[in-house]
Amino acid sequence: MGVDFGDISAFLAVARAGGFRDAARSSGDSASRLSEAVRRLETRLGVRLFHRTTRSVELTAVGRELADRLAPAMAEVDLALDVVNGYRERIGGLLKLNVPVSAARLVLPDIVPPFLAAYPDIQLEIVAEDTFVDLVASGCDAGIRYDERLEQDMIAVPIGPRRQRYALAASPAYLDRCGRPTHPRDLLGHNCIRGRFSSGAIAPWELEKDGEVFNIDPAGQLIAGTGGATDLIIAAAIGGVGIMGLFEEWLRPHFSSGALEPVLESWWPSFSGPFLYYPGRRLVPAPLRAFIDFVKARGGTPPLDQAVRLQPATASSSKASA
């Protein structure tokens with residue numbers, strides 16, 4: 001049975017996206033061409049792969065089984081073809097990374113420009129979001145996360161600063177008006193700006209000093225989503241709304257300018273830096289291999305064959321989705 005490879009790719013694109021228009025947006029093809037390709041494949045196979053109405057497109061039972069069986073095979077084909085890319089004089093292709101907003105802000109700016117300059121034929125797509133996703137299902141080659149947020153049995157390579165701190169800050173005007181906390185329990189009497197994760201949870205602030213860990217869940221007038229509303233949280237703190245918590249590196253420019261003042265600095269907890277992670281070592285795509293080698297060459301990361309295979313911890317912290 002002769003089946004066109006492009007028709008199979010179109011079918012999988014529509015199956016992943018859940019519709020022709022969404023598939024067209026993600027693939028760069030037109031909805032009409034995708035529809036024609038799926039129709040040809042259905043005709044060739046003699047079965048209906050999608051239930052189509054004016055409002056929805058859903059896989060049939062046979063279509064779902066076909067998609068489940070084809071997806072891993074197509075992924076292997078893509079990786080196998082990409083191996084050839086590694087033998088080209090100039091490595092090229094698409095590299096898609098899923099990263100938290102904090103990594104897009106604090107880790108990648110020092111890496112992306114020189115990497116793209118070194119590999120002009122590589123197209124880099126950054127998906128910055130705070131929802132922890134399945135890399136394979138999302139179509140990403142690799143991601144950046146902290147160790148307690150890594151997917152099970154992933155290969156992890158250190159990237160960026162290896163130690164970071166979670167800082168508390170407020171405007172000098174607010175602290176002059178409301179007082180400067182000297183112990184974490186004092187935060188209970190302050191207006192604290194809180195961040196809500198995409199999961200809906202608001203994590204408590206965990207502070208630490210001389211081995212003493214203090215978890216506190218202070219109240220406040222303002223709650224904003226982590227990631228996308230981070231700039232609003234900072235602006236509110238600068239405007240005197242209350243005390244906020246965020247990565248120290250993110251707040252350092254505001255400390256230097258005097259717009260914000262450190263709060264309870266001796267209690268700021270430190271944590272290990274982020275990791276670049278990806279599924280397995282077999283047939284690593286050439287653009288990803290180039291990115292790993294580039295990060296390694298910048299220092300602070302082990303060779304690829306010394307990368308660690310990490311297991312996720314059950315704990316969740318305020319830094320994970322910041």
# chains A, B, ... in the order shown; residues from 1 in each chain; ligands from 1
call {"tool": "select_by_dssp", "arguments": {"residues": "segment 30-271 of chain A", "states": "alpha helix (DSSP H)", "output": "PyMOL selection string"}}
result
chain A and resi 31-45+61-85+101-106+112-118+135-138+172-178+230-238+248-257
call {"tool": "residues_around", "arguments": {"residues": "segment 192-199 of chain A", "least_positions_apart": "3", "cutoff": "6 Å", "atoms": "only C-alpha atoms", "output": "count of residues only"}}
result
11
call {"tool": "select_by_dssp", "arguments": {"residues": "segment 7-200 of chain A", "states": "strand (DSSP E or B)", "output": "PyMOL selection string"}}
result
chain A and resi 50-52+57-59+93-99+122-128+142-145+154-158+163-170+192+194-196
call {"tool": "closest_residue", "arguments": {"among": "A:Ala104, A:Ala203, A:Ala13, A:Val157", "to": "Val295 of chain A", "atoms": "only C-alpha atoms"}}
result
A:Val157
call {"tool": "residues_around", "arguments": {"residues": "segment 59-75 of chain A", "least_positions_apart": "6", "cutoff": "10 Å", "atoms": "only C-alpha atoms", "output": "PyMOL selection string"}}
result
chain A and resi 5+8-9+11-16+18-19+42+47-52+81+136-137+139
call {"tool": "atom_distance", "arguments": {"atom1": "atom CA of Ile234 of chain A", "atom2": "atom CA of Pro262 of chain A"}}
result
12.9 Å
call {"tool": "closest_residue", "arguments": {"among": "A:Ile233, A:Pro218, A:Gly6, A:Thr54", "to": "Glu36 of chain A", "atoms": "only C-alpha atoms"}}
result
A:Gly6
call {"tool": "atom_distance", "arguments": {"atom1": "atom CA of Val38 of chain A", "atom2": "atom CA of Ser56 of chain A"}}
result
15.4 Å
